[in-house]
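Have a look at structure34.cif; it's mmCIF, N, CA, C and O atoms:
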data_upload
loop_
_atom_site.label_atom_id
_atom_site.label_comp_id
_atom_site.auth_asym_id
_atom_site.auth_seq_id
_atom_site.Cartn_x
_atom_site.Cartn_y
_atom_site.Cartn_z
N MET A 1 -4.84 -18.93 7.33
CA MET A 1 -4.88 -18.18 6.08
C MET A 1 -3.63 -17.33 5.95
O MET A 1 -3.23 -16.65 6.88
N THR A 2 -3.02 -17.41 4.81
CA THR A 2 -1.86 -16.58 4.53
C THR A 2 -2.21 -15.62 3.40
O THR A 2 -2.86 -16.02 2.43
N ASP A 3 -1.81 -14.38 3.54
CA ASP A 3 -2.06 -13.35 2.53
C ASP A 3 -0.71 -12.85 2.05
O ASP A 3 0.08 -12.33 2.84
N THR A 4 -0.43 -13.02 0.74
CA THR A 4 0.82 -12.53 0.17
C THR A 4 0.48 -11.54 -0.94
O THR A 4 -0.32 -11.85 -1.82
N ARG A 5 1.08 -10.35 -0.84
CA ARG A 5 0.84 -9.32 -1.85
C ARG A 5 2.16 -8.69 -2.26
O ARG A 5 3.10 -8.60 -1.47
N THR A 6 2.20 -8.21 -3.51
CA THR A 6 3.39 -7.53 -4.02
C THR A 6 3.02 -6.09 -4.38
O THR A 6 1.99 -5.84 -5.00
N TYR A 7 3.87 -5.19 -3.95
CA TYR A 7 3.69 -3.75 -4.19
C TYR A 7 4.94 -3.23 -4.90
O TYR A 7 5.96 -3.92 -4.95
N THR A 8 4.89 -2.01 -5.40
CA THR A 8 6.07 -1.37 -5.97
C THR A 8 6.38 -0.11 -5.17
O THR A 8 5.52 0.75 -4.98
N VAL A 9 7.63 -0.04 -4.69
CA VAL A 9 8.10 1.09 -3.90
C VAL A 9 8.96 1.98 -4.78
O VAL A 9 9.82 1.49 -5.51
N THR A 10 8.76 3.29 -4.71
CA THR A 10 9.59 4.21 -5.47
C THR A 10 10.47 5.02 -4.52
O THR A 10 10.12 5.23 -3.37
N GLY A 11 11.64 5.43 -5.02
CA GLY A 11 12.53 6.29 -4.27
C GLY A 11 13.71 5.59 -3.61
O GLY A 11 14.59 6.24 -3.07
N MET A 12 13.74 4.26 -3.63
CA MET A 12 14.86 3.55 -2.99
C MET A 12 16.08 3.58 -3.91
O MET A 12 15.97 3.37 -5.10
N THR A 13 17.25 3.83 -3.29
CA THR A 13 18.48 3.91 -4.08
C THR A 13 19.62 3.05 -3.54
O THR A 13 20.66 2.94 -4.19
N CYS A 14 19.45 2.47 -2.35
CA CYS A 14 20.57 1.73 -1.76
C CYS A 14 20.08 0.67 -0.78
O CYS A 14 18.89 0.57 -0.50
N ALA A 15 21.02 -0.10 -0.26
CA ALA A 15 20.68 -1.17 0.70
C ALA A 15 20.06 -0.61 1.98
O ALA A 15 19.21 -1.25 2.59
N HIS A 16 20.47 0.58 2.37
CA HIS A 16 19.88 1.20 3.56
C HIS A 16 18.40 1.48 3.35
O HIS A 16 17.58 1.31 4.26
N CYS A 17 18.04 1.88 2.14
CA CYS A 17 16.63 2.11 1.80
C CYS A 17 15.83 0.82 1.96
O CYS A 17 14.75 0.82 2.55
N VAL A 18 16.38 -0.27 1.44
CA VAL A 18 15.73 -1.58 1.53
C VAL A 18 15.54 -1.96 3.00
O VAL A 18 14.47 -2.41 3.41
N ALA A 19 16.57 -1.75 3.81
CA ALA A 19 16.51 -2.09 5.23
C ALA A 19 15.44 -1.26 5.94
O ALA A 19 14.70 -1.77 6.79
N SER A 20 15.34 0.02 5.61
CA SER A 20 14.36 0.90 6.23
C SER A 20 12.93 0.44 5.92
O SER A 20 12.08 0.37 6.81
N VAL A 21 12.67 0.13 4.65
CA VAL A 21 11.34 -0.32 4.26
C VAL A 21 11.03 -1.66 4.93
O VAL A 21 9.95 -1.84 5.49
N THR A 22 11.98 -2.58 4.91
CA THR A 22 11.79 -3.89 5.52
C THR A 22 11.45 -3.75 7.00
O THR A 22 10.50 -4.36 7.50
N GLU A 23 12.21 -2.92 7.70
CA GLU A 23 12.01 -2.72 9.15
C GLU A 23 10.62 -2.18 9.45
O GLU A 23 9.94 -2.68 10.36
N GLU A 24 10.18 -1.19 8.71
CA GLU A 24 8.87 -0.58 8.97
C GLU A 24 7.73 -1.55 8.66
O GLU A 24 6.77 -1.67 9.42
N VAL A 25 7.83 -2.26 7.54
CA VAL A 25 6.75 -3.17 7.14
C VAL A 25 6.66 -4.36 8.09
O VAL A 25 5.57 -4.85 8.39
N GLN A 26 7.80 -4.81 8.61
CA GLN A 26 7.80 -5.94 9.54
C GLN A 26 7.05 -5.62 10.84
O GLN A 26 6.64 -6.53 11.55
N GLU A 27 6.85 -4.35 11.14
CA GLU A 27 6.16 -3.96 12.37
C GLU A 27 4.64 -4.07 12.26
O GLU A 27 3.94 -3.96 13.26
N ILE A 28 4.12 -4.30 11.05
CA ILE A 28 2.68 -4.44 10.87
C ILE A 28 2.25 -5.77 11.51
O ILE A 28 2.85 -6.81 11.25
N PRO A 29 1.22 -5.73 12.36
CA PRO A 29 0.77 -6.97 13.01
C PRO A 29 0.42 -8.08 12.01
O PRO A 29 -0.24 -7.81 11.00
N GLY A 30 0.92 -9.27 12.25
CA GLY A 30 0.63 -10.42 11.41
C GLY A 30 1.65 -10.67 10.31
O GLY A 30 1.68 -11.75 9.72
N VAL A 31 2.49 -9.67 10.00
CA VAL A 31 3.46 -9.85 8.93
C VAL A 31 4.50 -10.89 9.33
O VAL A 31 5.09 -10.83 10.39
N GLU A 32 4.68 -11.88 8.44
CA GLU A 32 5.61 -12.97 8.69
C GLU A 32 6.88 -12.85 7.86
O GLU A 32 7.94 -13.31 8.28
N ALA A 33 6.78 -12.27 6.66
CA ALA A 33 7.94 -12.17 5.79
C ALA A 33 7.84 -10.91 4.92
O ALA A 33 6.75 -10.53 4.49
N VAL A 34 9.00 -10.30 4.71
CA VAL A 34 9.09 -9.11 3.86
C VAL A 34 10.28 -9.30 2.94
O VAL A 34 11.38 -9.61 3.38
N ASP A 35 10.05 -9.13 1.64
CA ASP A 35 11.14 -9.23 0.66
C ASP A 35 11.11 -7.97 -0.19
O ASP A 35 10.10 -7.67 -0.81
N VAL A 36 12.23 -7.25 -0.20
CA VAL A 36 12.33 -6.01 -0.97
C VAL A 36 13.45 -6.17 -1.98
O VAL A 36 14.56 -6.56 -1.63
N THR A 37 13.17 -5.88 -3.25
CA THR A 37 14.17 -5.95 -4.31
C THR A 37 14.50 -4.53 -4.75
O THR A 37 13.63 -3.83 -5.31
N LEU A 38 15.72 -4.10 -4.49
CA LEU A 38 16.14 -2.73 -4.79
C LEU A 38 15.99 -2.40 -6.27
O LEU A 38 15.47 -1.35 -6.64
N GLU A 39 16.46 -3.29 -7.13
CA GLU A 39 16.50 -3.02 -8.57
C GLU A 39 15.14 -2.75 -9.18
O GLU A 39 14.99 -1.90 -10.06
N THR A 40 14.11 -3.47 -8.73
CA THR A 40 12.78 -3.33 -9.32
C THR A 40 11.82 -2.54 -8.43
O THR A 40 10.75 -2.14 -8.89
N GLY A 41 12.19 -2.38 -7.16
CA GLY A 41 11.29 -1.72 -6.22
C GLY A 41 10.19 -2.64 -5.71
O GLY A 41 9.28 -2.20 -5.02
N ALA A 42 10.29 -3.93 -6.04
CA ALA A 42 9.25 -4.88 -5.62
C ALA A 42 9.30 -5.12 -4.12
O ALA A 42 10.36 -5.34 -3.54
N LEU A 43 8.14 -5.05 -3.51
CA LEU A 43 7.97 -5.32 -2.08
C LEU A 43 6.95 -6.44 -1.96
O LEU A 43 5.79 -6.25 -2.33
N THR A 44 7.39 -7.60 -1.49
CA THR A 44 6.48 -8.73 -1.30
C THR A 44 6.29 -8.93 0.19
O THR A 44 7.27 -9.07 0.92
N VAL A 45 5.04 -8.93 0.62
CA VAL A 45 4.71 -9.05 2.04
C VAL A 45 3.84 -10.28 2.23
O VAL A 45 2.85 -10.46 1.53
N THR A 46 4.22 -11.12 3.20
CA THR A 46 3.42 -12.29 3.56
C THR A 46 2.96 -12.12 4.99
O THR A 46 3.77 -11.83 5.88
N SER A 47 1.65 -12.31 5.18
CA SER A 47 1.06 -12.10 6.49
C SER A 47 0.20 -13.29 6.89
O SER A 47 -0.39 -13.95 6.02
N SER A 48 0.10 -13.52 8.18
CA SER A 48 -0.74 -14.60 8.69
C SER A 48 -2.21 -14.19 8.74
O SER A 48 -3.07 -15.01 9.02
N GLN A 49 -2.47 -12.92 8.48
CA GLN A 49 -3.85 -12.42 8.44
C GLN A 49 -4.00 -11.53 7.22
O GLN A 49 -3.03 -11.25 6.53
N SER A 50 -5.20 -11.11 6.94
CA SER A 50 -5.45 -10.28 5.77
C SER A 50 -4.64 -8.98 5.86
O SER A 50 -4.67 -8.30 6.88
N LEU A 51 -3.93 -8.68 4.79
CA LEU A 51 -3.11 -7.46 4.77
C LEU A 51 -3.97 -6.23 4.53
O LEU A 51 -4.89 -6.26 3.72
N ASP A 52 -3.66 -5.18 5.23
CA ASP A 52 -4.32 -3.90 5.06
C ASP A 52 -3.40 -3.04 4.19
O ASP A 52 -2.32 -2.64 4.62
N ASP A 53 -3.82 -2.80 2.94
CA ASP A 53 -2.99 -2.03 2.02
C ASP A 53 -2.64 -0.66 2.59
O ASP A 53 -1.53 -0.16 2.38
N ALA A 54 -3.56 -0.05 3.32
CA ALA A 54 -3.31 1.27 3.91
C ALA A 54 -2.19 1.18 4.95
O ALA A 54 -1.36 2.10 5.06
N ALA A 55 -2.13 0.09 5.70
CA ALA A 55 -1.07 -0.08 6.70
C ALA A 55 0.28 -0.26 6.02
O ALA A 55 1.29 0.26 6.49
N VAL A 56 0.29 -1.00 4.91
CA VAL A 56 1.54 -1.18 4.16
C VAL A 56 2.00 0.16 3.60
O VAL A 56 3.17 0.54 3.73
N ARG A 57 1.08 0.90 3.02
CA ARG A 57 1.41 2.23 2.48
C ARG A 57 1.95 3.15 3.57
O ARG A 57 2.97 3.82 3.39
N ALA A 58 1.31 3.13 4.73
CA ALA A 58 1.75 3.98 5.84
C ALA A 58 3.16 3.59 6.31
O ALA A 58 3.98 4.45 6.61
N ALA A 59 3.43 2.30 6.36
CA ALA A 59 4.76 1.83 6.79
C ALA A 59 5.83 2.25 5.80
O ALA A 59 6.91 2.71 6.19
N VAL A 60 5.53 2.13 4.51
CA VAL A 60 6.50 2.53 3.47
C VAL A 60 6.73 4.03 3.54
O VAL A 60 7.87 4.51 3.45
N GLU A 61 5.66 4.79 3.73
CA GLU A 61 5.79 6.25 3.84
C GLU A 61 6.56 6.65 5.09
O GLU A 61 7.34 7.61 5.07
N GLU A 62 6.38 5.90 6.19
CA GLU A 62 7.12 6.16 7.42
C GLU A 62 8.62 5.99 7.18
O GLU A 62 9.45 6.69 7.76
N ALA A 63 8.96 5.05 6.29
CA ALA A 63 10.37 4.80 5.96
C ALA A 63 10.91 5.88 5.01
O ALA A 63 12.12 5.96 4.77
N GLY A 64 10.01 6.69 4.47
CA GLY A 64 10.44 7.79 3.60
C GLY A 64 10.27 7.54 2.11
O GLY A 64 10.83 8.26 1.28
N TYR A 65 9.45 6.54 1.75
CA TYR A 65 9.28 6.18 0.34
C TYR A 65 7.80 6.14 0.00
O TYR A 65 6.96 6.46 0.84
N ALA A 66 7.47 5.78 -1.23
CA ALA A 66 6.08 5.77 -1.65
C ALA A 66 5.75 4.49 -2.41
O ALA A 66 6.62 3.90 -3.05
N LEU A 67 4.48 4.08 -2.33
CA LEU A 67 3.98 2.98 -3.15
C LEU A 67 3.39 3.57 -4.43
O LEU A 67 2.79 4.63 -4.39
N THR A 68 3.56 2.85 -5.52
CA THR A 68 2.93 3.31 -6.77
C THR A 68 1.74 2.44 -7.07
O THR A 68 1.60 1.37 -6.52
#
Could you write out this file's structure as structure tokens?
Amino acid sequence: MTDTRTYTVTGMTCAHCVASVTEEVQEIPGVEAVDVTLETGALTVTSSQSLDDAAVRAAVEEAGYALT
């Protein structure tokens, strides 16, 4: 089973922001792919197991940003 979800991240302004969010979200167990688009704030996460929205939110917040 693959679970793919898209979120919106606020507060990112540069490539370093994208890298920080990507790095933190990739640490969630089961995550296979992370795609972050700076211009729109879109965060697409693909996982081999059911995604926990709270874990994604916590990872984004750990990077210093917020989900809307």
Checklist entry - Which residues fall under the PyMOL selection byres ((chain A and resi 59) around 8) in this file, as a VMD selection string? => result chain A and resid 20 to 28 52 to 58 60 to 65
Next on the checklist: Selection in question (the file shown): the PyMOL selection byres ((chain A and resi 36-48) around 4.5). Which residues does it include, as a list in words?
Outcome noted: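 Written out, the selection comes to Met1, Thr2, Asp3, Thr4, Arg5, Thr6, Tyr7, Thr8, Val9, Gly30, Val31, Glu32, Ala33, Val34, Asp35 and Gln49 of chain A.
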Checklist entry - Between atom CA of Ser50 of chain A and atom CA of Gly11 of chain A, what is the spacing in Å? => result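 Atom CA of Ser50 of chain A lies 26.4 Å from atom CA of Gly11 of chain A.
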Checklist entry - At what distance in Å, to one decimal, does atom CA of Pro29 of chain A lie from atom C of Leu51 of chain A? => result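 These atoms are spaced 9.7 Å apart.
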Checklist entry - In Å, how far is it from atom O of Leu67 of chain A to atom CA of Thr10 of chain A? => result 6.9 Å
Checklist entry - Which parts of chain A does DSSP call strand (DSSP E or B) when run on the backbone here, written out as a count of residues only? => result 23
Item to check | DSSP alpha helix (DSSP H) residues within segment 25-55 of chain A, as a PyMOL selection string | outcome: chain A and resi 25-26+53-55
Rebuild segment 57-68 of chain A so that it carries all heavy atoms, then output the result as a PDB file, in the coordinates of the input.
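Okay, this is what ended up in selection.pdb:
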ATOM      1  N   ARG A  57       1.080   0.900   3.020  1.00  0.00           N
ATOM      2  CA  ARG A  57       1.410   2.230   2.480  1.00  0.00           C
ATOM      3  C   ARG A  57       1.950   3.150   3.570  1.00  0.00           C
ATOM      4  O   ARG A  57       2.970   3.820   3.390  1.00  0.00           O
ATOM      5  CB  ARG A  57       0.180   2.864   1.824  1.00  0.00           C
ATOM      6  CG  ARG A  57       0.445   4.246   1.231  1.00  0.00           C
ATOM      7  CD  ARG A  57      -0.762   4.801   0.497  1.00  0.00           C
ATOM      8  NE  ARG A  57      -1.233   3.936  -0.568  1.00  0.00           N
ATOM      9  CZ  ARG A  57      -0.696   3.899  -1.795  1.00  0.00           C
ATOM     10  NH1 ARG A  57       0.324   4.680  -2.099  1.00  0.00           N
ATOM     11  NH2 ARG A  57      -1.179   3.088  -2.711  1.00  0.00           N
ATOM     12  N   ALA A  58       1.310   3.130   4.730  1.00  0.00           N
ATOM     13  CA  ALA A  58       1.750   3.980   5.840  1.00  0.00           C
ATOM     14  C   ALA A  58       3.160   3.590   6.310  1.00  0.00           C
ATOM     15  O   ALA A  58       3.980   4.450   6.610  1.00  0.00           O
ATOM     16  CB  ALA A  58       0.766   3.894   6.997  1.00  0.00           C
ATOM     17  N   ALA A  59       3.430   2.300   6.360  1.00  0.00           N
ATOM     18  CA  ALA A  59       4.760   1.830   6.790  1.00  0.00           C
ATOM     19  C   ALA A  59       5.830   2.250   5.800  1.00  0.00           C
ATOM     20  O   ALA A  59       6.910   2.710   6.190  1.00  0.00           O
ATOM     21  CB  ALA A  59       4.754   0.309   6.958  1.00  0.00           C
ATOM     22  N   VAL A  60       5.530   2.130   4.510  1.00  0.00           N
ATOM     23  CA  VAL A  60       6.500   2.530   3.470  1.00  0.00           C
ATOM     24  C   VAL A  60       6.730   4.030   3.540  1.00  0.00           C
ATOM     25  O   VAL A  60       7.870   4.510   3.450  1.00  0.00           O
ATOM     26  CB  VAL A  60       6.006   2.098   2.070  1.00  0.00           C
ATOM     27  CG1 VAL A  60       6.844   2.730   0.962  1.00  0.00           C
ATOM     28  CG2 VAL A  60       6.028   0.569   1.944  1.00  0.00           C
ATOM     29  N   GLU A  61       5.660   4.790   3.730  1.00  0.00           N
ATOM     30  CA  GLU A  61       5.790   6.250   3.840  1.00  0.00           C
ATOM     31  C   GLU A  61       6.560   6.650   5.090  1.00  0.00           C
ATOM     32  O   GLU A  61       7.340   7.610   5.070  1.00  0.00           O
ATOM     33  CB  GLU A  61       4.416   6.905   3.773  1.00  0.00           C
ATOM     34  CG  GLU A  61       3.804   6.810   2.391  1.00  0.00           C
ATOM     35  CD  GLU A  61       2.374   7.330   2.293  1.00  0.00           C
ATOM     36  OE1 GLU A  61       1.787   7.688   3.344  1.00  0.00           O
ATOM     37  OE2 GLU A  61       1.851   7.355   1.170  1.00  0.00           O
ATOM     38  N   GLU A  62       6.380   5.900   6.190  1.00  0.00           N
ATOM     39  CA  GLU A  62       7.120   6.160   7.420  1.00  0.00           C
ATOM     40  C   GLU A  62       8.620   5.990   7.180  1.00  0.00           C
ATOM     41  O   GLU A  62       9.450   6.690   7.760  1.00  0.00           O
ATOM     42  CB  GLU A  62       6.629   5.231   8.526  1.00  0.00           C
ATOM     43  CG  GLU A  62       7.342   5.387   9.844  1.00  0.00           C
ATOM     44  CD  GLU A  62       7.087   6.731  10.535  1.00  0.00           C
ATOM     45  OE1 GLU A  62       6.000   7.327  10.323  1.00  0.00           O
ATOM     46  OE2 GLU A  62       7.969   7.188  11.283  1.00  0.00           O
ATOM     47  N   ALA A  63       8.960   5.050   6.290  1.00  0.00           N
ATOM     48  CA  ALA A  63      10.370   4.800   5.960  1.00  0.00           C
ATOM     49  C   ALA A  63      10.910   5.880   5.010  1.00  0.00           C
ATOM     50  O   ALA A  63      12.120   5.960   4.770  1.00  0.00           O
ATOM     51  CB  ALA A  63      10.529   3.417   5.338  1.00  0.00           C
ATOM     52  N   GLY A  64      10.010   6.690   4.470  1.00  0.00           N
ATOM     53  CA  GLY A  64      10.440   7.790   3.600  1.00  0.00           C
ATOM     54  C   GLY A  64      10.270   7.540   2.110  1.00  0.00           C
ATOM     55  O   GLY A  64      10.830   8.260   1.280  1.00  0.00           O
ATOM     56  N   TYR A  65       9.450   6.540   1.750  1.00  0.00           N
ATOM     57  CA  TYR A  65       9.280   6.180   0.340  1.00  0.00           C
ATOM     58  C   TYR A  65       7.800   6.140   0.000  1.00  0.00           C
ATOM     59  O   TYR A  65       6.960   6.460   0.840  1.00  0.00           O
ATOM     60  CB  TYR A  65       9.981   4.829   0.059  1.00  0.00           C
ATOM     61  CG  TYR A  65      11.415   4.895   0.527  1.00  0.00           C
ATOM     62  CD1 TYR A  65      11.772   4.398   1.781  1.00  0.00           C
ATOM     63  CD2 TYR A  65      12.384   5.547  -0.218  1.00  0.00           C
ATOM     64  CE1 TYR A  65      13.070   4.530   2.252  1.00  0.00           C
ATOM     65  CE2 TYR A  65      13.678   5.679   0.242  1.00  0.00           C
ATOM     66  CZ  TYR A  65      14.016   5.171   1.487  1.00  0.00           C
ATOM     67  OH  TYR A  65      15.284   5.321   1.939  1.00  0.00           O
ATOM     68  N   ALA A  66       7.470   5.780  -1.230  1.00  0.00           N
ATOM     69  CA  ALA A  66       6.080   5.770  -1.650  1.00  0.00           C
ATOM     70  C   ALA A  66       5.750   4.490  -2.410  1.00  0.00           C
ATOM     71  O   ALA A  66       6.620   3.900  -3.050  1.00  0.00           O
ATOM     72  CB  ALA A  66       5.800   6.969  -2.548  1.00  0.00           C
ATOM     73  N   LEU A  67       4.480   4.080  -2.330  1.00  0.00           N
ATOM     74  CA  LEU A  67       3.980   2.980  -3.150  1.00  0.00           C
ATOM     75  C   LEU A  67       3.390   3.570  -4.430  1.00  0.00           C
ATOM     76  O   LEU A  67       2.790   4.630  -4.390  1.00  0.00           O
ATOM     77  CB  LEU A  67       2.885   2.195  -2.425  1.00  0.00           C
ATOM     78  CG  LEU A  67       3.270   1.341  -1.238  1.00  0.00           C
ATOM     79  CD1 LEU A  67       2.045   0.589  -0.733  1.00  0.00           C
ATOM     80  CD2 LEU A  67       4.370   0.355  -1.591  1.00  0.00           C
ATOM     81  N   THR A  68       3.560   2.850  -5.520  1.00  0.00           N
ATOM     82  CA  THR A  68       2.930   3.310  -6.770  1.00  0.00           C
ATOM     83  C   THR A  68       1.740   2.440  -7.070  1.00  0.00           C
ATOM     84  O   THR A  68       1.600   1.370  -6.520  1.00  0.00           O
ATOM     85  CB  THR A  68       3.898   3.237  -7.965  1.00  0.00           C
ATOM     86  OG1 THR A  68       4.390   1.908  -8.092  1.00  0.00           O
ATOM     87  CG2 THR A  68       5.042   4.189  -7.783  1.00  0.00           C
TER      88      THR A  68
END
